[in-house]
Amino acid sequence: MTDTPSLPEGYEISTDPARVDRERVHHWLSTDAYWALGRSREQQDRAIEGSLNFGVFDSVSGEQVAYARVITDRATFGWLCDVYVGPAVRGKGVGSALVAAVREELRSSGVPRVLLATQDAHGVYEKIGFAPLERPERWMALIFAQ
């Protein structure tokens, strides 16, 4: 497996959903994430409530600086989504450490497969162990018009 990036000093990761700064996460995703532009706050709150949430926080101020969400049954499958690193901490390794923490949490739960979709961050995820689907022709999607 690949290396496990360390979280930079001064930051901590939590899976406590009560610590998620819902307003900040909604703002990040609905205004700056190509996959979630225009997402409503109500929809984002439902997504948080139905998911395993990971937040990266400044250890001193408690300010949330990054976020990731996993849709999972904690037994057979996980979908990593809504990975977002705040502009002020990009390039410091926060994102890689966050995704590695997700990987380790799901691995320790016995989840055998985790999927994600990305338009432009393949290299980031490859460092953590993600690879293209071996047989994409087996996968299908059901998409409802929005």
# chains A, B, ... in the order shown; residues from 1 in each chain; ligands from 1
$ residues_around --residues "region 13-30 of chain A" --least-positions-apart "6" --cutoff "7 Å" --atoms "only C-alpha atoms" --output "list in words"
Ala36, Leu37, Gly38, Arg39, Arg41, Gln44, Asn53, Phe54, Gly55, Val56, Phe57 and Gln64 of chain A
$ write_last_selection --atoms "N, CA, C and O atoms" --output "compact mmCIF listing (two decimals), in the first residue's frame"
# COMPACT_ATOMS: atom_id res chain seq x y z
N ALA A 36 -20.72 20.37 -6.72
CA ALA A 36 -21.80 20.71 -5.79
C ALA A 36 -22.27 22.15 -5.92
O ALA A 36 -22.98 22.64 -5.04
N LEU A 37 -21.90 22.82 -6.98
CA LEU A 37 -22.30 24.21 -7.15
C LEU A 37 -23.81 24.35 -7.05
O LEU A 37 -24.55 23.59 -7.68
N GLY A 38 -24.25 25.28 -6.23
CA GLY A 38 -25.67 25.53 -6.08
C GLY A 38 -26.41 24.56 -5.17
O GLY A 38 -27.62 24.68 -5.00
N ARG A 39 -25.71 23.62 -4.57
CA ARG A 39 -26.37 22.68 -3.66
C ARG A 39 -27.02 23.47 -2.53
O ARG A 39 -26.40 24.36 -1.95
N ARG A 41 -28.58 24.37 1.18
CA ARG A 41 -28.15 24.11 2.55
C ARG A 41 -28.92 22.92 3.12
O ARG A 41 -28.35 22.07 3.81
N GLN A 44 -27.41 19.80 1.76
CA GLN A 44 -26.11 19.55 2.37
C GLN A 44 -26.26 19.04 3.79
O GLN A 44 -25.56 18.12 4.21
N ASN A 53 -18.61 11.68 8.48
CA ASN A 53 -17.98 12.96 8.19
C ASN A 53 -16.59 13.05 8.80
O ASN A 53 -16.39 12.61 9.94
N PHE A 54 -15.68 13.66 8.06
CA PHE A 54 -14.32 13.90 8.52
C PHE A 54 -14.05 15.38 8.41
O PHE A 54 -14.25 15.97 7.35
N GLY A 55 -13.59 15.97 9.48
CA GLY A 55 -13.21 17.36 9.45
C GLY A 55 -11.77 17.51 9.89
O GLY A 55 -11.29 16.77 10.75
N VAL A 56 -11.07 18.46 9.29
CA VAL A 56 -9.74 18.84 9.76
C VAL A 56 -9.91 20.21 10.41
O VAL A 56 -10.52 21.11 9.82
N PHE A 57 -9.35 20.33 11.62
CA PHE A 57 -9.53 21.53 12.41
C PHE A 57 -8.19 22.08 12.88
O PHE A 57 -7.27 21.31 13.18
N GLN A 64 -12.56 24.95 11.30
CA GLN A 64 -12.51 23.88 10.33
C GLN A 64 -11.80 24.36 9.08
O GLN A 64 -12.11 25.43 8.54
$ select_by_dssp --residues "chain A" --states "strand (DSSP E)" --output "PyMOL selection string"
chain A and resi 11-14+52-58+64-72+78-85+114-115
$ write_last_selection --atoms "N, CA and C atoms" --output "PDB file, in the first residue's frame"
ATOM      1  N   TYR A  11      -2.870  20.756  13.364  1.00  0.00           N
ATOM      2  CA  TYR A  11      -4.192  20.373  12.861  1.00  0.00           C
ATOM      3  C   TYR A  11      -4.591  19.035  13.462  1.00  0.00           C
ATOM      4  N   GLU A  12      -5.898  18.807  13.534  1.00  0.00           N
ATOM      5  CA  GLU A  12      -6.423  17.540  14.029  1.00  0.00           C
ATOM      6  C   GLU A  12      -7.610  17.119  13.180  1.00  0.00           C
ATOM      7  N   ILE A  13      -7.831  15.810  13.111  1.00  0.00           N
ATOM      8  CA  ILE A  13      -8.955  15.252  12.353  1.00  0.00           C
ATOM      9  C   ILE A  13      -9.969  14.716  13.337  1.00  0.00           C
ATOM     10  N   SER A  14     -11.241  14.956  13.026  1.00  0.00           N
ATOM     11  CA  SER A  14     -12.326  14.451  13.857  1.00  0.00           C
ATOM     12  C   SER A  14     -13.426  13.894  12.968  1.00  0.00           C
ATOM     13  N   LEU A  52     -20.710   9.475   7.078  1.00  0.00           N
ATOM     14  CA  LEU A  52     -19.567   9.509   7.986  1.00  0.00           C
ATOM     15  C   LEU A  52     -18.759  10.740   7.575  1.00  0.00           C
ATOM     16  N   ASN A  53     -18.614  11.684   8.484  1.00  0.00           N
ATOM     17  CA  ASN A  53     -17.977  12.965   8.186  1.00  0.00           C
ATOM     18  C   ASN A  53     -16.594  13.049   8.804  1.00  0.00           C
ATOM     19  N   PHE A  54     -15.676  13.656   8.058  1.00  0.00           N
ATOM     20  CA  PHE A  54     -14.320  13.896   8.523  1.00  0.00           C
ATOM     21  C   PHE A  54     -14.049  15.382   8.408  1.00  0.00           C
ATOM     22  N   GLY A  55     -13.592  15.968   9.481  1.00  0.00           N
ATOM     23  CA  GLY A  55     -13.205  17.362   9.445  1.00  0.00           C
ATOM     24  C   GLY A  55     -11.770  17.515   9.889  1.00  0.00           C
ATOM     25  N   VAL A  56     -11.071  18.456   9.292  1.00  0.00           N
ATOM     26  CA  VAL A  56      -9.739  18.840   9.761  1.00  0.00           C
ATOM     27  C   VAL A  56      -9.908  20.208  10.409  1.00  0.00           C
ATOM     28  N   PHE A  57      -9.346  20.335  11.618  1.00  0.00           N
ATOM     29  CA  PHE A  57      -9.527  21.535  12.414  1.00  0.00           C
ATOM     30  C   PHE A  57      -8.186  22.085  12.875  1.00  0.00           C
ATOM     31  N   ASP A  58      -8.100  23.401  12.946  1.00  0.00           N
ATOM     32  CA  ASP A  58      -6.946  24.055  13.544  1.00  0.00           C
ATOM     33  C   ASP A  58      -6.965  23.702  15.023  1.00  0.00           C
ATOM     34  N   GLN A  64     -12.561  24.953  11.300  1.00  0.00           N
ATOM     35  CA  GLN A  64     -12.514  23.877  10.329  1.00  0.00           C
ATOM     36  C   GLN A  64     -11.800  24.357   9.075  1.00  0.00           C
ATOM     37  N   VAL A  65     -10.831  23.550   8.584  1.00  0.00           N
ATOM     38  CA  VAL A  65     -10.042  23.935   7.414  1.00  0.00           C
ATOM     39  C   VAL A  65     -10.212  22.972   6.243  1.00  0.00           C
ATOM     40  N   ALA A  66     -10.826  21.813   6.473  1.00  0.00           N
ATOM     41  CA  ALA A  66     -11.034  20.840   5.399  1.00  0.00           C
ATOM     42  C   ALA A  66     -12.172  19.902   5.790  1.00  0.00           C
ATOM     43  N   TYR A  67     -12.701  19.210   4.784  1.00  0.00           N
ATOM     44  CA  TYR A  67     -13.863  18.356   4.999  1.00  0.00           C
ATOM     45  C   TYR A  67     -13.853  17.207   4.003  1.00  0.00           C
ATOM     46  N   ALA A  68     -14.354  16.054   4.426  1.00  0.00           N
ATOM     47  CA  ALA A  68     -14.619  14.926   3.534  1.00  0.00           C
ATOM     48  C   ALA A  68     -15.814  14.169   4.095  1.00  0.00           C
ATOM     49  N   ARG A  69     -16.533  13.533   3.196  1.00  0.00           N
ATOM     50  CA  ARG A  69     -17.735  12.809   3.589  1.00  0.00           C
ATOM     51  C   ARG A  69     -17.693  11.448   2.927  1.00  0.00           C
ATOM     52  N   VAL A  70     -18.145  10.423   3.668  1.00  0.00           N
ATOM     53  CA  VAL A  70     -18.203   9.070   3.132  1.00  0.00           C
ATOM     54  C   VAL A  70     -19.608   8.529   3.327  1.00  0.00           C
ATOM     55  N   ILE A  71     -20.174   8.038   2.246  1.00  0.00           N
ATOM     56  CA  ILE A  71     -21.431   7.317   2.318  1.00  0.00           C
ATOM     57  C   ILE A  71     -21.031   5.854   2.446  1.00  0.00           C
ATOM     58  N   THR A  72     -21.399   5.226   3.566  1.00  0.00           N
ATOM     59  CA  THR A  72     -20.930   3.866   3.816  1.00  0.00           C
ATOM     60  C   THR A  72     -21.863   3.108   4.750  1.00  0.00           C
ATOM     61  N   GLY A  78     -17.929   1.877   0.512  1.00  0.00           N
ATOM     62  CA  GLY A  78     -17.862   3.294   0.849  1.00  0.00           C
ATOM     63  C   GLY A  78     -17.723   4.130  -0.406  1.00  0.00           C
ATOM     64  N   TRP A  79     -18.346   5.296  -0.393  1.00  0.00           N
ATOM     65  CA  TRP A  79     -18.221   6.263  -1.481  1.00  0.00           C
ATOM     66  C   TRP A  79     -17.651   7.529  -0.881  1.00  0.00           C
ATOM     67  N   LEU A  80     -16.435   7.860  -1.234  1.00  0.00           N
ATOM     68  CA  LEU A  80     -15.783   9.076  -0.748  1.00  0.00           C
ATOM     69  C   LEU A  80     -16.227  10.243  -1.616  1.00  0.00           C
ATOM     70  N   CYS A  81     -16.722  11.281  -0.976  1.00  0.00           N
ATOM     71  CA  CYS A  81     -17.211  12.423  -1.742  1.00  0.00           C
ATOM     72  C   CYS A  81     -17.026  13.717  -0.949  1.00  0.00           C
ATOM     73  N   ASP A  82     -17.290  14.806  -1.612  1.00  0.00           N
ATOM     74  CA  ASP A  82     -17.234  16.132  -0.994  1.00  0.00           C
ATOM     75  C   ASP A  82     -15.917  16.416  -0.275  1.00  0.00           C
ATOM     76  N   VAL A  83     -14.810  15.958  -0.851  1.00  0.00           N
ATOM     77  CA  VAL A  83     -13.499  16.274  -0.275  1.00  0.00           C
ATOM     78  C   VAL A  83     -13.168  17.716  -0.654  1.00  0.00           C
ATOM     79  N   TYR A  84     -12.935  18.541   0.366  1.00  0.00           N
ATOM     80  CA  TYR A  84     -12.657  19.951   0.126  1.00  0.00           C
ATOM     81  C   TYR A  84     -11.631  20.436   1.139  1.00  0.00           C
ATOM     82  N   VAL A  85     -10.605  21.094   0.632  1.00  0.00           N
ATOM     83  CA  VAL A  85      -9.571  21.685   1.475  1.00  0.00           C
ATOM     84  C   VAL A  85      -9.648  23.195   1.302  1.00  0.00           C
ATOM     85  N   VAL A 114     -13.725   1.130  -1.668  1.00  0.00           N
ATOM     86  CA  VAL A 114     -14.118   2.531  -1.554  1.00  0.00           C
ATOM     87  C   VAL A 114     -13.969   3.141  -2.943  1.00  0.00           C
ATOM     88  N   LEU A 115     -14.993   3.816  -3.380  1.00  0.00           N
ATOM     89  CA  LEU A 115     -14.959   4.469  -4.684  1.00  0.00           C
ATOM     90  C   LEU A 115     -15.004   5.978  -4.514  1.00  0.00           C
TER      91      LEU A 115
END
$ closest_atom_pairs --of "region 32-103 of chain A" --to "region 130-135 of chain A" --cutoff "12 Å" --atoms "only C-alpha atoms" --output "Markdown table"
| residue | atom | partner | partner_atom | distance |
| --- | --- | --- | --- | --- |
| A:Leu80 | CA | A:Phe130 | CA | 11.0 |
| A:Ser96 | CA | A:Phe130 | CA | 12.0 |
| A:Val99 | CA | A:Phe130 | CA | 10.3 |
| A:Ala100 | CA | A:Phe130 | CA | 10.5 |
| A:Arg103 | CA | A:Phe130 | CA | 9.7 |
$ residues_around --residues "Thr76 (chain A)" --least-positions-apart "4" --cutoff "10 Å" --atoms "only C-alpha atoms" --output "list in words"
Thr72, Leu106, Ser109, Gly110, Val111, Pro112, Arg113 and Val114 of chain A
$ atom_distance --atom1 "CA of Gly10 (chain A)" --atom2 "CA of Ser61 (chain A)"
9.8 Å
$ select_by_dssp --residues "chain A" --states "helix (DSSP H, G or I)" --output "PyMOL selection string"
chain A and resi 17-19+22-32+41-49+87-89+94-108+122-128+136-138
$ write_last_selection --atoms "N, CA and C atoms" --output "compact mmCIF listing (two decimals), in the first residue's frame"
# COMPACT_ATOMS: atom_id res chain seq x y z
N PRO A 17 -19.66 14.39 14.09
CA PRO A 17 -20.50 15.24 13.24
C PRO A 17 -20.90 16.56 13.90
N ALA A 18 -20.87 16.61 15.21
CA ALA A 18 -21.21 17.85 15.91
C ALA A 18 -20.17 18.94 15.68
N ARG A 19 -18.95 18.55 15.30
CA ARG A 19 -17.90 19.54 15.07
C ARG A 19 -17.93 20.14 13.66
N ARG A 22 -21.25 23.40 9.57
CA ARG A 22 -22.17 23.18 8.45
C ARG A 22 -22.27 24.40 7.53
N GLU A 23 -22.28 25.56 8.10
CA GLU A 23 -22.36 26.77 7.28
C GLU A 23 -21.13 26.90 6.38
N ARG A 24 -19.97 26.67 6.95
CA ARG A 24 -18.72 26.78 6.18
C ARG A 24 -18.66 25.70 5.10
N VAL A 25 -18.99 24.46 5.46
CA VAL A 25 -18.96 23.37 4.48
C VAL A 25 -19.93 23.65 3.34
N HIS A 26 -21.12 24.10 3.68
CA HIS A 26 -22.09 24.42 2.63
C HIS A 26 -21.55 25.52 1.73
N HIS A 27 -20.99 26.55 2.30
CA HIS A 27 -20.44 27.64 1.49
C HIS A 27 -19.33 27.12 0.57
N TRP A 28 -18.39 26.37 1.13
CA TRP A 28 -17.31 25.83 0.31
C TRP A 28 -17.87 25.07 -0.89
N LEU A 29 -18.73 24.10 -0.60
CA LEU A 29 -19.19 23.20 -1.65
C LEU A 29 -20.12 23.88 -2.64
N SER A 30 -21.05 24.67 -2.15
CA SER A 30 -22.06 25.25 -3.05
C SER A 30 -21.52 26.41 -3.89
N THR A 31 -20.37 26.97 -3.51
CA THR A 31 -19.84 28.10 -4.28
C THR A 31 -18.49 27.82 -4.95
N ASP A 32 -17.78 26.76 -4.53
CA ASP A 32 -16.42 26.57 -5.02
C ASP A 32 -16.07 25.14 -5.42
N ARG A 41 -28.58 24.37 1.18
CA ARG A 41 -28.15 24.11 2.55
C ARG A 41 -28.92 22.92 3.12
N GLU A 42 -30.19 22.84 2.82
CA GLU A 42 -31.01 21.72 3.32
C GLU A 42 -30.48 20.39 2.78
N GLN A 43 -30.14 20.37 1.52
CA GLN A 43 -29.60 19.14 0.91
C GLN A 43 -28.25 18.79 1.53
N GLN A 44 -27.41 19.80 1.76
CA GLN A 44 -26.11 19.55 2.37
C GLN A 44 -26.26 19.04 3.79
N ASP A 45 -27.18 19.60 4.54
CA ASP A 45 -27.40 19.13 5.92
C ASP A 45 -27.87 17.68 5.93
N ARG A 46 -28.76 17.30 5.00
CA ARG A 46 -29.20 15.90 4.92
C ARG A 46 -28.03 14.99 4.56
N ALA A 47 -27.15 15.46 3.67
CA ALA A 47 -25.98 14.66 3.29
C ALA A 47 -25.07 14.44 4.50
N ILE A 48 -24.86 15.47 5.28
CA ILE A 48 -24.02 15.35 6.48
C ILE A 48 -24.64 14.35 7.45
N GLU A 49 -25.94 14.47 7.66
CA GLU A 49 -26.62 13.60 8.62
C GLU A 49 -26.59 12.14 8.22
N PRO A 87 -8.88 27.05 0.93
CA PRO A 87 -7.78 27.68 0.19
C PRO A 87 -6.57 28.05 1.04
N ALA A 88 -6.78 28.44 2.29
CA ALA A 88 -5.66 28.89 3.14
C ALA A 88 -4.70 27.77 3.51
N VAL A 89 -5.14 26.50 3.42
CA VAL A 89 -4.25 25.40 3.82
C VAL A 89 -3.89 24.47 2.67
N VAL A 94 -2.65 18.77 3.97
CA VAL A 94 -3.87 18.53 4.74
C VAL A 94 -4.80 17.58 3.99
N GLY A 95 -4.98 17.80 2.70
CA GLY A 95 -5.88 16.96 1.91
C GLY A 95 -5.42 15.52 1.84
N SER A 96 -4.14 15.31 1.59
CA SER A 96 -3.62 13.94 1.53
C SER A 96 -3.78 13.23 2.87
N ALA A 97 -3.50 13.94 3.95
CA ALA A 97 -3.65 13.34 5.27
C ALA A 97 -5.12 13.04 5.57
N LEU A 98 -6.01 13.91 5.13
CA LEU A 98 -7.44 13.69 5.33
C LEU A 98 -7.91 12.44 4.60
N VAL A 99 -7.54 12.29 3.34
CA VAL A 99 -7.96 11.13 2.56
C VAL A 99 -7.32 9.86 3.12
N ALA A 100 -6.09 9.94 3.59
CA ALA A 100 -5.45 8.78 4.23
C ALA A 100 -6.19 8.39 5.51
N ALA A 101 -6.67 9.37 6.27
CA ALA A 101 -7.44 9.07 7.48
C ALA A 101 -8.75 8.37 7.13
N VAL A 102 -9.39 8.81 6.06
CA VAL A 102 -10.60 8.14 5.59
C VAL A 102 -10.27 6.70 5.23
N ARG A 103 -9.20 6.51 4.46
CA ARG A 103 -8.79 5.17 4.05
C ARG A 103 -8.58 4.27 5.26
N GLU A 104 -7.87 4.76 6.26
CA GLU A 104 -7.58 3.94 7.44
C GLU A 104 -8.82 3.65 8.27
N GLU A 105 -9.70 4.62 8.39
CA GLU A 105 -10.96 4.40 9.14
C GLU A 105 -11.78 3.30 8.48
N LEU A 106 -11.92 3.36 7.16
CA LEU A 106 -12.71 2.36 6.46
C LEU A 106 -12.03 1.01 6.44
N ARG A 107 -10.71 1.01 6.29
CA ARG A 107 -9.97 -0.25 6.33
C ARG A 107 -10.15 -0.93 7.67
N SER A 108 -10.05 -0.17 8.75
CA SER A 108 -10.19 -0.75 10.09
C SER A 108 -11.61 -1.25 10.35
N HIS A 122 -6.77 13.17 -9.78
CA HIS A 122 -6.37 11.76 -9.84
C HIS A 122 -5.03 11.52 -9.14
N GLY A 123 -4.07 12.39 -9.36
CA GLY A 123 -2.75 12.22 -8.76
C GLY A 123 -2.78 12.25 -7.24
N VAL A 124 -3.62 13.10 -6.69
CA VAL A 124 -3.74 13.18 -5.23
C VAL A 124 -4.23 11.84 -4.68
N TYR A 125 -5.27 11.30 -5.30
CA TYR A 125 -5.87 10.07 -4.79
C TYR A 125 -5.00 8.84 -5.08
N GLU A 126 -4.27 8.85 -6.18
CA GLU A 126 -3.37 7.73 -6.49
C GLU A 126 -2.30 7.57 -5.41
N LYS A 127 -1.83 8.68 -4.84
CA LYS A 127 -0.83 8.62 -3.76
C LYS A 127 -1.36 7.89 -2.53
N ILE A 128 -2.68 7.88 -2.36
CA ILE A 128 -3.30 7.25 -1.20
C ILE A 128 -3.69 5.81 -1.51
N PRO A 136 -14.52 -0.80 -15.87
CA PRO A 136 -15.56 0.23 -15.82
C PRO A 136 -16.82 -0.16 -16.56
N GLU A 137 -16.70 -1.07 -17.53
CA GLU A 137 -17.89 -1.47 -18.29
C GLU A 137 -18.92 -2.21 -17.42
N ARG A 138 -18.53 -2.64 -16.23
CA ARG A 138 -19.46 -3.31 -15.32
C ARG A 138 -20.29 -2.33 -14.51
$ closest_residue --among "A:Ala145, A:Gly129, A:Lys92, A:Ala75" --to "Ser6 (chain A)" --atoms "only C-alpha atoms"
A:Lys92
$ closest_residue --among "A:Ala33, A:Ser51, A:Leu142, A:Arg90" --to "Arg74 (chain A)" --atoms "only C-alpha atoms"
A:Ser51
$ atom_distance --atom1 "CA of Leu7 (chain A)" --atom2 "CA of Gly93 (chain A)"
6.8 Å
